[in-house]
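Participant: Enclosed is the structure file start-v1.cif (mmCIF, C-alpha atoms).
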```
data_my_file
#
loop_
_atom_site.label_atom_id
_atom_site.label_comp_id
_atom_site.auth_asym_id
_atom_site.auth_seq_id
_atom_site.Cartn_x
_atom_site.Cartn_y
_atom_site.Cartn_z
CA MET A 3 9.07 -39.10 29.20
CA LYS A 4 10.65 -35.73 28.61
CA THR A 5 11.03 -36.41 24.88
CA VAL A 6 7.41 -37.47 24.61
CA ARG A 7 6.29 -34.30 26.30
CA PHE A 8 8.54 -32.25 23.99
CA VAL A 9 7.13 -33.93 20.91
CA VAL A 10 3.55 -33.41 22.09
CA VAL A 11 4.16 -29.72 22.83
CA ALA A 12 5.99 -29.17 19.55
CA GLY A 13 3.19 -30.92 17.68
CA LEU A 14 0.55 -28.77 19.36
CA LEU A 15 2.55 -25.59 18.68
CA SER A 16 2.85 -26.48 15.02
CA VAL A 17 -0.93 -26.46 14.61
CA LEU A 18 -1.37 -23.19 16.49
CA PRO A 19 -3.66 -21.13 14.27
CA LEU A 20 -1.99 -17.97 13.02
CA ALA A 21 -5.32 -16.16 13.21
CA GLY A 22 -4.93 -16.52 16.95
CA TRP A 23 -2.51 -13.60 16.86
CA ALA A 24 -5.33 -11.20 16.01
CA VAL A 25 -5.51 -8.10 18.17
CA ILE A 26 -7.58 -8.55 21.29
CA GLU A 27 -10.09 -5.79 21.79
CA THR A 28 -13.53 -5.73 23.24
CA TYR A 29 -16.47 -4.03 21.66
CA ASP A 30 -20.00 -4.38 22.92
CA PHE A 31 -22.21 -5.05 19.97
CA SER A 32 -25.92 -4.47 20.22
CA SER A 33 -26.56 -7.63 18.20
CA PRO A 34 -24.60 -10.80 17.43
CA ASP A 35 -25.22 -10.17 13.74
CA LEU A 36 -23.19 -6.92 13.93
CA GLU A 37 -20.35 -8.79 15.58
CA VAL A 38 -20.24 -11.30 12.75
CA ARG A 39 -20.16 -8.48 10.20
CA TYR A 40 -17.48 -6.68 12.23
CA HIS A 41 -15.24 -9.73 12.08
CA SER A 42 -15.74 -10.35 8.39
CA LEU A 43 -15.20 -6.67 7.46
CA SER A 44 -12.18 -6.21 9.72
CA GLN A 45 -10.56 -9.17 7.97
CA GLU A 46 -11.37 -7.86 4.54
CA LEU A 47 -10.03 -4.35 5.18
CA ARG A 48 -6.32 -3.91 4.73
CA CYS A 49 -4.19 -1.82 7.05
CA PRO A 50 -2.83 1.14 5.01
CA LYS A 51 0.32 1.36 7.13
CA CYS A 52 1.43 -2.25 7.46
CA GLN A 53 0.34 -3.37 3.98
CA ASN A 54 0.26 -7.12 4.46
CA GLN A 55 -2.05 -7.30 7.42
CA ASN A 56 -5.74 -6.74 7.66
CA ILE A 57 -7.00 -4.28 10.24
CA ALA A 58 -8.10 -7.13 12.51
CA ASP A 59 -4.51 -8.39 12.86
CA SER A 60 -2.63 -5.11 12.91
CA ASN A 61 -1.47 -3.22 15.96
CA ALA A 62 -0.78 -0.04 13.99
CA PRO A 63 -2.58 3.06 15.34
CA ILE A 64 -4.27 3.62 11.99
CA ALA A 65 -5.66 0.07 12.04
CA ARG A 66 -7.06 0.71 15.52
CA ASP A 67 -8.67 3.93 14.27
CA LEU A 68 -10.24 2.09 11.36
CA ARG A 69 -11.58 -0.60 13.70
CA VAL A 70 -13.19 2.09 15.82
CA VAL A 71 -14.74 3.67 12.71
CA LEU A 72 -15.92 0.26 11.58
CA TYR A 73 -17.53 -0.43 14.96
CA GLU A 74 -19.19 2.99 15.10
CA GLN A 75 -20.55 2.73 11.58
CA LEU A 76 -21.90 -0.77 12.16
CA GLU A 77 -23.67 0.40 15.30
CA ALA A 78 -25.02 3.41 13.39
CA GLY A 79 -26.67 1.01 10.97
CA ALA A 80 -24.45 1.46 7.91
CA SER A 81 -24.51 -1.32 5.32
CA ASP A 82 -21.37 -3.26 4.35
CA ASP A 83 -21.29 -1.44 1.02
CA GLU A 84 -21.55 1.95 2.69
CA ILE A 85 -18.70 1.14 5.05
CA LEU A 86 -16.48 -0.14 2.24
CA ALA A 87 -17.29 2.96 0.17
CA PHE A 88 -16.34 5.16 3.14
CA MET A 89 -12.98 3.42 3.48
CA VAL A 90 -12.26 3.40 -0.26
CA ALA A 91 -13.07 7.13 -0.53
CA ARG A 92 -10.29 7.81 1.99
CA TYR A 93 -7.70 5.13 1.37
CA GLY A 94 -8.43 3.96 -2.18
CA GLU A 95 -9.10 0.43 -3.45
CA PHE A 96 -5.84 -0.51 -1.74
CA VAL A 97 -7.71 -0.78 1.54
CA ARG A 98 -9.79 -3.74 0.32
CA TYR A 99 -8.40 -7.24 0.08
CA ARG A 100 -11.20 -7.88 -2.41
CA PRO A 101 -10.93 -4.80 -4.67
CA GLY A 102 -13.71 -3.96 -7.10
CA VAL A 103 -13.19 -4.75 -10.78
CA ASP A 104 -11.80 -1.73 -12.62
CA ARG A 105 -9.07 -0.93 -15.12
CA ASN A 106 -6.29 -1.48 -12.58
CA THR A 107 -7.59 -4.68 -11.06
CA LEU A 108 -8.97 -6.36 -14.18
CA LEU A 109 -5.76 -8.32 -14.78
CA LEU A 110 -5.73 -9.38 -11.12
CA TRP A 111 -9.28 -10.68 -11.31
CA ALA A 112 -8.74 -12.34 -14.68
CA SER A 113 -5.46 -14.00 -13.69
CA PRO A 114 -6.95 -17.30 -12.36
CA VAL A 115 -8.82 -17.82 -15.64
CA LEU A 116 -5.78 -16.78 -17.69
CA LEU A 117 -3.50 -19.15 -15.77
CA LEU A 118 -5.99 -21.97 -16.19
CA LEU A 119 -6.12 -21.28 -19.93
CA ALA A 120 -2.31 -21.18 -20.14
CA GLY A 121 -2.18 -24.52 -18.32
CA ALA A 122 -4.75 -26.05 -20.70
CA VAL A 123 -2.85 -24.82 -23.76
CA GLY A 124 0.40 -26.20 -22.30
CA LEU A 125 -1.17 -29.59 -21.66
CA MET A 126 -2.67 -29.77 -25.14
CA TRP A 127 0.68 -28.93 -26.65
CA HIS A 128 2.40 -31.57 -24.54
CA PHE A 129 -0.02 -34.35 -25.48
CA ARG A 130 0.00 -33.47 -29.15
CA ARG A 131 3.78 -33.70 -29.22
CA ARG A 132 3.69 -37.06 -27.44
CA ARG A 133 1.30 -38.40 -30.06
CA ASP A 134 3.59 -37.19 -32.86
CA ASP A 135 6.55 -38.91 -31.22
CA ALA A 136 4.65 -42.18 -30.76
CA VAL A 137 6.46 -45.36 -31.88
CA GLN A 138 6.27 -45.92 -35.63
CA PRO A 139 5.83 -49.56 -36.78
CA LEU A 140 9.00 -51.01 -38.34
CA SER A 141 9.21 -51.29 -42.07
CA GLU A 142 9.37 -54.75 -43.60
CA GLN A 143 13.10 -54.51 -44.15
CA GLU A 144 13.74 -53.34 -40.58
CA GLN A 145 11.64 -56.21 -39.24
CA ARG A 146 13.71 -58.75 -41.17
CA GLU A 147 16.96 -57.19 -39.97
CA LEU A 148 15.71 -57.39 -36.38
CA GLU A 149 14.77 -61.04 -36.71
CA ARG A 150 18.18 -61.82 -38.19
CA LEU A 151 19.96 -60.13 -35.27
CA MET A 152 17.78 -61.88 -32.70
CA ALA A 153 18.43 -65.26 -34.30
CA GLN A 154 22.22 -64.92 -33.95
CA PRO A 155 23.72 -66.96 -31.13
CA ASN A 156 25.00 -64.87 -28.25
CA ARG A 157 28.72 -64.90 -28.79
CA ASP A 158 29.50 -63.48 -25.38
CA THR A 159 28.15 -66.35 -23.37
CA ALA A 160 28.83 -69.36 -25.53
CA PRO A 161 32.54 -70.07 -25.87
CA MET B 7 16.33 -22.71 -35.65
CA ARG B 8 13.01 -23.27 -34.02
CA VAL B 9 11.08 -20.56 -32.31
CA LYS B 10 10.39 -22.91 -29.42
CA GLN B 11 14.06 -22.96 -28.47
CA PHE B 12 13.82 -19.30 -27.59
CA LEU B 13 10.77 -19.71 -25.37
CA PRO B 14 12.73 -20.09 -22.09
CA LEU B 15 14.81 -17.02 -23.01
CA ALA B 16 11.66 -15.05 -23.77
CA VAL B 17 10.13 -16.07 -20.44
CA PHE B 18 13.35 -15.14 -18.66
CA VAL B 19 13.54 -11.71 -20.30
CA LEU B 20 9.88 -11.03 -19.53
CA LEU B 21 10.28 -12.05 -15.90
CA ALA B 22 13.54 -10.15 -15.50
CA GLY B 23 11.92 -7.03 -16.92
CA LEU B 24 8.96 -7.38 -14.60
CA LEU B 25 11.14 -7.88 -11.52
CA TYR B 26 13.44 -5.03 -12.53
CA LYS B 27 10.44 -2.72 -12.79
CA GLY B 28 9.36 -3.97 -9.37
CA LEU B 29 12.64 -2.75 -7.86
CA SER B 30 11.80 0.86 -8.63
CA ILE B 31 8.23 0.70 -7.29
CA ASP B 32 7.78 1.82 -3.70
CA PRO B 33 5.04 -0.37 -2.23
CA THR B 34 4.49 2.00 0.69
CA ALA B 35 3.56 4.90 -1.60
CA LEU B 36 -0.18 4.51 -1.90
CA PRO B 37 -2.17 6.40 -4.50
CA ALA B 38 -4.04 9.17 -2.73
CA ALA B 39 -7.77 8.57 -2.95
CA ARG B 40 -8.59 12.24 -2.38
CA LEU B 41 -6.71 13.66 -5.38
CA GLY B 42 -8.79 16.16 -7.32
CA GLN B 43 -11.35 16.44 -4.54
CA PRO B 44 -11.95 19.42 -2.27
CA PHE B 45 -10.17 19.32 1.06
CA PRO B 46 -12.53 17.52 3.46
CA SER B 47 -14.54 19.93 5.57
CA PHE B 48 -13.64 20.20 9.22
CA SER B 49 -14.14 22.43 12.21
CA GLN B 50 -11.26 22.15 14.66
CA SER B 51 -9.54 24.46 17.06
CA GLU B 52 -6.32 26.21 16.12
CA LEU B 53 -3.23 25.19 18.12
CA SER B 54 -1.93 28.47 19.58
CA SER B 55 -5.08 30.64 19.56
CA GLY B 56 -7.72 28.01 20.29
CA VAL B 57 -9.99 29.66 17.71
CA GLU B 58 -12.29 27.36 15.74
CA VAL B 59 -11.10 27.03 12.12
CA THR B 60 -12.63 25.35 9.06
CA GLU B 61 -11.33 24.30 5.65
CA GLN B 62 -11.99 27.91 4.53
CA VAL B 63 -8.72 29.01 6.19
CA LEU B 64 -6.78 27.18 3.47
CA LEU B 65 -8.19 29.51 0.81
CA PRO B 66 -7.00 30.98 -1.41
CA GLY B 67 -4.37 28.44 -2.39
CA PRO B 68 -2.06 27.13 -3.51
CA ALA B 69 -0.84 26.13 -0.08
CA LEU B 70 0.73 23.18 1.68
CA VAL B 71 -0.96 21.18 4.41
CA ASN B 72 1.67 19.39 6.43
CA VAL B 73 0.64 16.50 8.69
CA TRP B 74 2.97 16.40 11.68
CA ALA B 75 3.26 15.38 15.32
CA THR B 76 5.84 15.55 18.07
CA TRP B 77 5.96 11.74 18.28
CA CYS B 78 7.06 11.60 14.65
CA TYR B 79 10.82 11.44 14.25
CA SER B 80 10.80 12.13 10.51
CA CYS B 81 8.86 15.34 11.18
CA ARG B 82 11.86 16.61 13.15
CA VAL B 83 14.09 15.77 10.18
CA GLU B 84 11.75 17.63 7.87
CA HIS B 85 11.23 20.65 10.11
CA PRO B 86 14.29 22.75 9.08
CA TYR B 87 13.27 22.45 5.43
CA LEU B 88 9.72 23.60 6.22
CA LEU B 89 11.22 26.66 7.95
CA GLN B 90 13.19 27.38 4.78
CA LEU B 91 10.09 27.04 2.60
CA ALA B 92 8.11 29.34 4.87
CA GLU B 93 10.87 31.91 4.64
CA ARG B 94 10.70 31.68 0.86
CA GLY B 95 7.00 32.51 1.08
CA VAL B 96 5.32 29.10 0.69
CA PRO B 97 2.12 29.14 2.76
CA ILE B 98 2.21 26.08 5.02
CA PHE B 99 -0.68 24.97 7.21
CA GLY B 100 -0.04 22.39 9.88
CA LEU B 101 -2.29 19.49 10.76
CA ASN B 102 -1.15 18.51 14.23
CA TYR B 103 -2.09 14.86 13.99
CA LYS B 104 -2.95 12.79 17.09
CA ASP B 105 -0.66 14.87 19.22
CA ASP B 106 -0.55 16.51 22.61
CA SER B 107 -1.15 20.25 22.12
CA ALA B 108 1.20 21.29 24.95
CA LYS B 109 4.05 19.25 23.45
CA ALA B 110 3.29 20.64 20.01
CA LEU B 111 3.49 24.23 21.29
CA ASP B 112 6.82 23.42 22.99
CA TRP B 113 8.14 21.99 19.75
CA LEU B 114 7.20 25.12 17.81
CA SER B 115 8.72 27.48 20.35
CA GLN B 116 11.97 25.47 20.47
CA LEU B 117 12.42 24.59 16.79
CA GLY B 118 10.69 27.52 15.12
CA ASP B 119 7.24 27.81 13.58
CA PRO B 120 6.91 27.49 9.78
CA TYR B 121 3.11 27.30 9.90
CA ARG B 122 0.50 29.95 9.07
CA LEU B 123 -1.63 28.17 11.63
CA ASN B 124 -2.10 24.68 13.01
CA ILE B 125 -5.25 22.60 12.91
CA VAL B 126 -5.53 20.54 16.08
CA ASP B 127 -6.50 16.97 15.17
CA ALA B 128 -6.01 15.16 18.46
CA GLU B 129 -8.49 12.40 17.55
CA GLY B 130 -7.14 11.99 14.03
CA SER B 131 -10.58 12.56 12.49
CA VAL B 132 -9.43 15.13 9.92
CA GLY B 133 -6.53 12.81 9.13
CA LEU B 134 -8.93 9.93 8.63
CA ASP B 135 -11.07 11.98 6.24
CA LEU B 136 -7.92 12.90 4.32
CA GLY B 137 -6.71 9.31 4.16
CA VAL B 138 -3.62 10.00 6.30
CA TYR B 139 -1.88 6.81 7.40
CA GLY B 140 1.20 8.21 9.07
CA ALA B 141 3.27 11.32 9.52
CA PRO B 142 4.75 13.27 7.91
CA GLU B 143 2.49 13.70 4.92
CA THR B 144 2.26 16.89 2.88
CA TYR B 145 -0.64 17.87 0.65
CA ILE B 146 -0.85 20.59 -1.98
CA VAL B 147 -4.17 22.43 -2.06
CA ASP B 148 -4.81 24.54 -5.17
CA GLU B 149 -6.48 27.96 -5.50
CA SER B 150 -9.97 26.48 -5.28
CA GLY B 151 -9.15 24.36 -2.26
CA SER B 152 -8.82 21.01 -4.07
CA ILE B 153 -6.15 18.48 -3.17
CA VAL B 154 -3.79 18.19 -6.12
CA HIS B 155 -0.87 16.27 -4.68
CA ARG B 156 0.14 14.19 -1.69
CA HIS B 157 3.65 13.41 -0.58
CA VAL B 158 4.19 10.69 2.01
CA GLY B 159 7.40 10.97 4.03
CA VAL B 160 9.98 13.67 4.53
CA LEU B 161 9.68 16.70 2.25
CA ASP B 162 13.08 17.87 1.06
CA ALA B 163 14.58 20.01 -1.71
CA THR B 164 14.62 17.14 -4.23
CA VAL B 165 10.97 16.25 -3.67
CA PHE B 166 9.99 19.92 -3.69
CA ALA B 167 11.74 20.56 -7.00
CA ARG B 168 10.17 17.45 -8.54
CA ASP B 169 6.55 17.61 -7.41
CA PHE B 170 5.88 20.89 -5.63
CA GLU B 171 7.70 23.73 -7.32
CA ARG B 172 5.36 24.07 -10.30
CA TRP B 173 2.52 24.93 -7.93
CA PHE B 174 4.56 27.79 -6.47
CA PRO B 175 6.20 29.43 -9.50
CA SER B 176 6.87 32.73 -7.79
CA VAL B 177 8.62 30.95 -4.95
CA SER B 178 11.04 28.97 -7.07
CA SER B 179 12.31 32.10 -8.79
CA ALA B 180 12.62 33.90 -5.49
CA VAL B 181 15.27 31.64 -3.98
CA ASN B 182 17.37 33.94 -1.95
CA PRO B 183 21.03 33.72 -2.96
CA ALA B 184 22.26 33.81 0.63
CA MET B 185 20.27 30.65 1.35
CA ARG B 186 21.65 28.91 -1.72
CA GLU B 187 25.17 29.67 -0.50
CA ALA B 188 24.31 28.34 2.91
CA GLU B 189 23.14 25.08 1.35
CA GLU B 190 26.37 24.69 -0.61
#
```
Let's see the structure in the file written out as structure tokens.
Facilitator:
Amino acid sequence: MKTVRFVVVAGLLSVLPLAGWAVIETYDFSSPDLEVRYHSLSQELRCPKCQNQNIADSNAPIARDLRVVLYEQLEAGASDDEILAFMVARYGEFVRYRPGVDRNTLLLWASPVLLLLAGAVGLMWHFRRRRDDAVQPLSEQEQRELERLMAQPNRDTAP
Amino acid sequence: MRVKQFLPLAVFVLLAGLLYKGLSIDPTALPAARLGQPFPSFSQSELSSGVEVTEQVLLPGPALVNVWATWCYSCRVEHPYLLQLAERGVPIFGLNYKDDSAKALDWLSQLGDPYRLNIVDAEGSVGLDLGVYGAPETYIVDESGSIVHRHVGVLDATVFARDFERWFPSVSSAVNPAMREAEE
């Protein structure tokens, strides 16, 4: 029974959502719509201090400050674009997990298309080479030689 | 010899070059968004006098704005060097970031005060407008009050010589020989 319980617990733990580690804080939103926007923006904004966390997940003081700013601006009626512009003006494009397209981020945005193209070129190359290597029919002389060899009795088995 | 044979080598060299370049990039050094812009306007009280100060106090530059706090260990490491710079005539303004004013005053009376004055930013609002994400950070403000450089982390002689000295030409030539001996 103990093993079964262990397996069940381990199985449940393995599907524990990582997003569940998000910081727990309570804000009273004046409308459910603002709350939805708060959650989506706090997951899109990157914590400047901890680099690989968004501000929703981070416990860093700066992330908490940014969440407070985000909450206050949402309640003050700012649009998503205004809030993102406010953050970018202070912390640069770095602060967005979805940076705008500019000279620095062009390669980043283009990379899925470029990789897809590279893959397509690679595949085309591969198939063309396979076709070139395809089996050539035997010449008449080779065919005769083959038949002669096949017709010979197997000397290994017949004493 | 077919060109294709060298493809794996070419890929390897390219990748090795890329990764080698990556070694010398510091991912925690973020580009400062405020470069070239005027210092954000503020109206905060000054640490020791309690007088209300605005961004006008930084004029005329060039001057340093040093973000510090008593909870910041690296600020303590940096502090002796700031005292040296102040002695050499570099104007340094402090931004006492998310700190307790009583503790900050204690710190200055015990360790010495390199600052012309200190802007109290207990809430971190000036820091937020500047794009501060930790302490210490040091900004250079030019004659017109624009931010021309940001250094994140401890300011020391190497960093000063590399990024700061050209903004304070009279200071670099005025290194007092006694101090140079003391450093050696």
Participant: Given the file shown, determine the residues that the PyMOL selection byres ((chain B) within 10 of (chain A)) selects; report them as a compact mmCIF listing (two decimals) with C-alpha atoms, in the coordinates of the input.
Facilitator:
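After the write, expr12.txt holds the following:
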```
# COMPACT_ATOMS: atom_id res chain seq x y z
CA PRO B 33 5.04 -0.37 -2.23
CA THR B 34 4.49 2.00 0.69
CA ALA B 35 3.56 4.90 -1.60
CA LEU B 36 -0.18 4.51 -1.90
CA PRO B 37 -2.17 6.40 -4.50
CA ALA B 38 -4.04 9.17 -2.73
CA ALA B 39 -7.77 8.57 -2.95
CA ARG B 40 -8.59 12.24 -2.38
CA LYS B 104 -2.95 12.79 17.09
CA GLU B 129 -8.49 12.40 17.55
CA GLY B 130 -7.14 11.99 14.03
CA SER B 131 -10.58 12.56 12.49
CA GLY B 133 -6.53 12.81 9.13
CA LEU B 134 -8.93 9.93 8.63
CA ASP B 135 -11.07 11.98 6.24
CA LEU B 136 -7.92 12.90 4.32
CA GLY B 137 -6.71 9.31 4.16
CA VAL B 138 -3.62 10.00 6.30
CA TYR B 139 -1.88 6.81 7.40
CA GLY B 140 1.20 8.21 9.07
```
Participant: Which value, in Å to one decimal, gives the distance between CA of Val126 in chain B and CA of Asn102 in chain B?
Facilitator: 5.2 Å
Participant: Find, counting only C-alpha atoms, the residue in A:Met152, A:Leu118, A:Val10, A:Ile57 that gets nearest to Tyr40 in chain A.
Facilitator: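 For Tyr40 in chain A, the nearest of the candidates is A:Ile57.
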Participant: Could you state the separation of CA of Arg168 in chain B and CA of Thr144 in chain B in Å, given to one decimal place?
Facilitator: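 Value for the CA of Arg168 in chain B-CA of Thr144 in chain B distance: 13.9 Å.
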Participant: Which is closer to Gln75 in chain A than all the others in A:Leu36, A:Val17, A:Leu140, A:Leu109, using all atoms listed in the file?
Facilitator: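 Going through A:Leu36, A:Val17, A:Leu140, A:Leu109 one by one, the smallest distance to Gln75 in chain A is for A:Leu36.
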Participant: Could you spell out the hits of the PyMOL selection byres ((chain B and resi 105) around 7) on the shown file, as a list in words?
Facilitator: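 Selection result, ordered by chain and number: Ala75, Thr76, Asn102, Tyr103, Lys104, Asp106, Ser107 and Ala128 of chain B.
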Participant: Write out as a ChimeraX atom specification each polymer residue whose atoms come within 10 Å of Ala163 in chain B, counting only C-alpha atoms; drop sequence neighbours fewer than 4 positions from it.
Facilitator: /B:87-88,90-91,167-168,170-171
Participant: If we count all atoms listed in the file, what is near Phe45 in chain B at a cut-off of 9 Å, once residues fewer than 4 positions away on the same chain are taken out, given as a list in words?
Facilitator: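 Result of the neighbour search: Arg40, Glu61, Leu64, Leu136, Val147, Gly151, Ser152 and Ile153 of chain B.
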Participant: With C-alpha atoms retained, export the selected residues as an mmCIF file, keeping the file's coordinate frame.
Facilitator:
```
data_model
loop_
_atom_site.group_PDB
_atom_site.id
_atom_site.type_symbol
_atom_site.label_atom_id
_atom_site.label_comp_id
_atom_site.auth_asym_id
_atom_site.auth_seq_id
_atom_site.Cartn_x
_atom_site.Cartn_y
_atom_site.Cartn_z
ATOM 1 C CA ARG B 40 -8.590 12.240 -2.380
ATOM 2 C CA GLU B 61 -11.330 24.300 5.650
ATOM 3 C CA LEU B 64 -6.780 27.180 3.470
ATOM 4 C CA LEU B 136 -7.920 12.900 4.320
ATOM 5 C CA VAL B 147 -4.170 22.430 -2.060
ATOM 6 C CA GLY B 151 -9.150 24.360 -2.260
ATOM 7 C CA SER B 152 -8.820 21.010 -4.070
ATOM 8 C CA ILE B 153 -6.150 18.480 -3.170
#
```
Participant: Could you write range 45-70 of chain A as a PDB file, in the coordinates of the input, with N, CA and C atoms rebuilt where they are missing?
Facilitator:
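Listed below is the output, result_33.pdb:
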```pdb
ATOM      1  N   GLN A  45     -11.544  -8.307   8.631  1.00  0.00           N
ATOM      2  CA  GLN A  45     -10.560  -9.170   7.970  1.00  0.00           C
ATOM      3  C   GLN A  45     -10.432  -8.873   6.496  1.00  0.00           C
ATOM      4  N   GLU A  46     -11.431  -8.193   5.963  1.00  0.00           N
ATOM      5  CA  GLU A  46     -11.370  -7.860   4.540  1.00  0.00           C
ATOM      6  C   GLU A  46     -10.669  -6.528   4.310  1.00  0.00           C
ATOM      7  N   LEU A  47     -10.649  -5.665   5.335  1.00  0.00           N
ATOM      8  CA  LEU A  47     -10.030  -4.350   5.180  1.00  0.00           C
ATOM      9  C   LEU A  47      -8.550  -4.442   5.498  1.00  0.00           C
ATOM     10  N   ARG A  48      -7.761  -3.802   4.623  1.00  0.00           N
ATOM     11  CA  ARG A  48      -6.320  -3.910   4.730  1.00  0.00           C
ATOM     12  C   ARG A  48      -5.782  -2.690   5.461  1.00  0.00           C
ATOM     13  N   CYS A  49      -4.792  -2.926   6.307  1.00  0.00           N
ATOM     14  CA  CYS A  49      -4.190  -1.820   7.050  1.00  0.00           C
ATOM     15  C   CYS A  49      -3.330  -0.998   6.090  1.00  0.00           C
ATOM     16  N   PRO A  50      -3.588   0.336   5.968  1.00  0.00           N
ATOM     17  CA  PRO A  50      -2.830   1.140   5.010  1.00  0.00           C
ATOM     18  C   PRO A  50      -1.354   1.256   5.385  1.00  0.00           C
ATOM     19  N   LYS A  51      -1.053   1.153   6.663  1.00  0.00           N
ATOM     20  CA  LYS A  51       0.320   1.360   7.130  1.00  0.00           C
ATOM     21  C   LYS A  51       1.158   0.094   6.979  1.00  0.00           C
ATOM     22  N   CYS A  52       0.580  -1.053   7.378  1.00  0.00           N
ATOM     23  CA  CYS A  52       1.430  -2.250   7.460  1.00  0.00           C
ATOM     24  C   CYS A  52       1.271  -3.147   6.243  1.00  0.00           C
ATOM     25  N   GLN A  53       0.392  -2.777   5.317  1.00  0.00           N
ATOM     26  CA  GLN A  53       0.340  -3.370   3.980  1.00  0.00           C
ATOM     27  C   GLN A  53      -0.059  -4.832   3.901  1.00  0.00           C
ATOM     28  N   ASN A  54       0.610  -5.718   4.634  1.00  0.00           N
ATOM     29  CA  ASN A  54       0.260  -7.120   4.460  1.00  0.00           C
ATOM     30  C   ASN A  54      -0.499  -7.702   5.631  1.00  0.00           C
ATOM     31  N   GLN A  55      -1.187  -6.838   6.335  1.00  0.00           N
ATOM     32  CA  GLN A  55      -2.050  -7.300   7.420  1.00  0.00           C
ATOM     33  C   GLN A  55      -3.417  -6.678   7.212  1.00  0.00           C
ATOM     34  N   ASN A  56      -4.446  -7.399   7.664  1.00  0.00           N
ATOM     35  CA  ASN A  56      -5.740  -6.740   7.660  1.00  0.00           C
ATOM     36  C   ASN A  56      -5.874  -5.953   8.961  1.00  0.00           C
ATOM     37  N   ILE A  57      -6.923  -5.149   9.062  1.00  0.00           N
ATOM     38  CA  ILE A  57      -7.000  -4.280  10.240  1.00  0.00           C
ATOM     39  C   ILE A  57      -7.328  -5.086  11.504  1.00  0.00           C
ATOM     40  N   ALA A  58      -7.819  -6.310  11.335  1.00  0.00           N
ATOM     41  CA  ALA A  58      -8.100  -7.130  12.510  1.00  0.00           C
ATOM     42  C   ALA A  58      -6.791  -7.597  13.163  1.00  0.00           C
ATOM     43  N   ASP A  59      -5.767  -7.841  12.352  1.00  0.00           N
ATOM     44  CA  ASP A  59      -4.510  -8.390  12.860  1.00  0.00           C
ATOM     45  C   ASP A  59      -3.506  -7.325  13.271  1.00  0.00           C
ATOM     46  N   SER A  60      -3.682  -6.109  12.762  1.00  0.00           N
ATOM     47  CA  SER A  60      -2.630  -5.110  12.910  1.00  0.00           C
ATOM     48  C   SER A  60      -2.719  -4.338  14.212  1.00  0.00           C
ATOM     49  N   ASN A  61      -1.561  -4.041  14.760  1.00  0.00           N
ATOM     50  CA  ASN A  61      -1.470  -3.220  15.960  1.00  0.00           C
ATOM     51  C   ASN A  61      -1.218  -1.759  15.657  1.00  0.00           C
ATOM     52  N   ALA A  62      -1.094  -1.425  14.360  1.00  0.00           N
ATOM     53  CA  ALA A  62      -0.780  -0.040  13.990  1.00  0.00           C
ATOM     54  C   ALA A  62      -1.908   0.886  14.449  1.00  0.00           C
ATOM     55  N   PRO A  63      -1.548   2.114  14.876  1.00  0.00           N
ATOM     56  CA  PRO A  63      -2.580   3.060  15.340  1.00  0.00           C
ATOM     57  C   PRO A  63      -3.672   3.300  14.297  1.00  0.00           C
ATOM     58  N   ILE A  64      -3.272   3.354  13.024  1.00  0.00           N
ATOM     59  CA  ILE A  64      -4.270   3.620  11.990  1.00  0.00           C
ATOM     60  C   ILE A  64      -5.256   2.463  11.877  1.00  0.00           C
ATOM     61  N   ALA A  65      -4.771   1.226  12.089  1.00  0.00           N
ATOM     62  CA  ALA A  65      -5.660   0.070  12.040  1.00  0.00           C
ATOM     63  C   ALA A  65      -6.654   0.128  13.204  1.00  0.00           C
ATOM     64  N   ARG A  66      -6.164   0.587  14.368  1.00  0.00           N
ATOM     65  CA  ARG A  66      -7.060   0.710  15.520  1.00  0.00           C
ATOM     66  C   ARG A  66      -8.140   1.759  15.228  1.00  0.00           C
ATOM     67  N   ASP A  67      -7.704   2.882  14.633  1.00  0.00           N
ATOM     68  CA  ASP A  67      -8.670   3.930  14.270  1.00  0.00           C
ATOM     69  C   ASP A  67      -9.737   3.393  13.324  1.00  0.00           C
ATOM     70  N   LEU A  68      -9.286   2.617  12.347  1.00  0.00           N
ATOM     71  CA  LEU A  68     -10.240   2.090  11.360  1.00  0.00           C
ATOM     72  C   LEU A  68     -11.187   1.081  12.005  1.00  0.00           C
ATOM     73  N   ARG A  69     -10.682   0.324  12.999  1.00  0.00           N
ATOM     74  CA  ARG A  69     -11.580  -0.600  13.700  1.00  0.00           C
ATOM     75  C   ARG A  69     -12.643   0.161  14.472  1.00  0.00           C
ATOM     76  N   VAL A  70     -12.217   1.280  15.083  1.00  0.00           N
ATOM     77  CA  VAL A  70     -13.190   2.090  15.820  1.00  0.00           C
ATOM     78  C   VAL A  70     -14.257   2.632  14.869  1.00  0.00           C
TER      79      VAL A  70
END
```
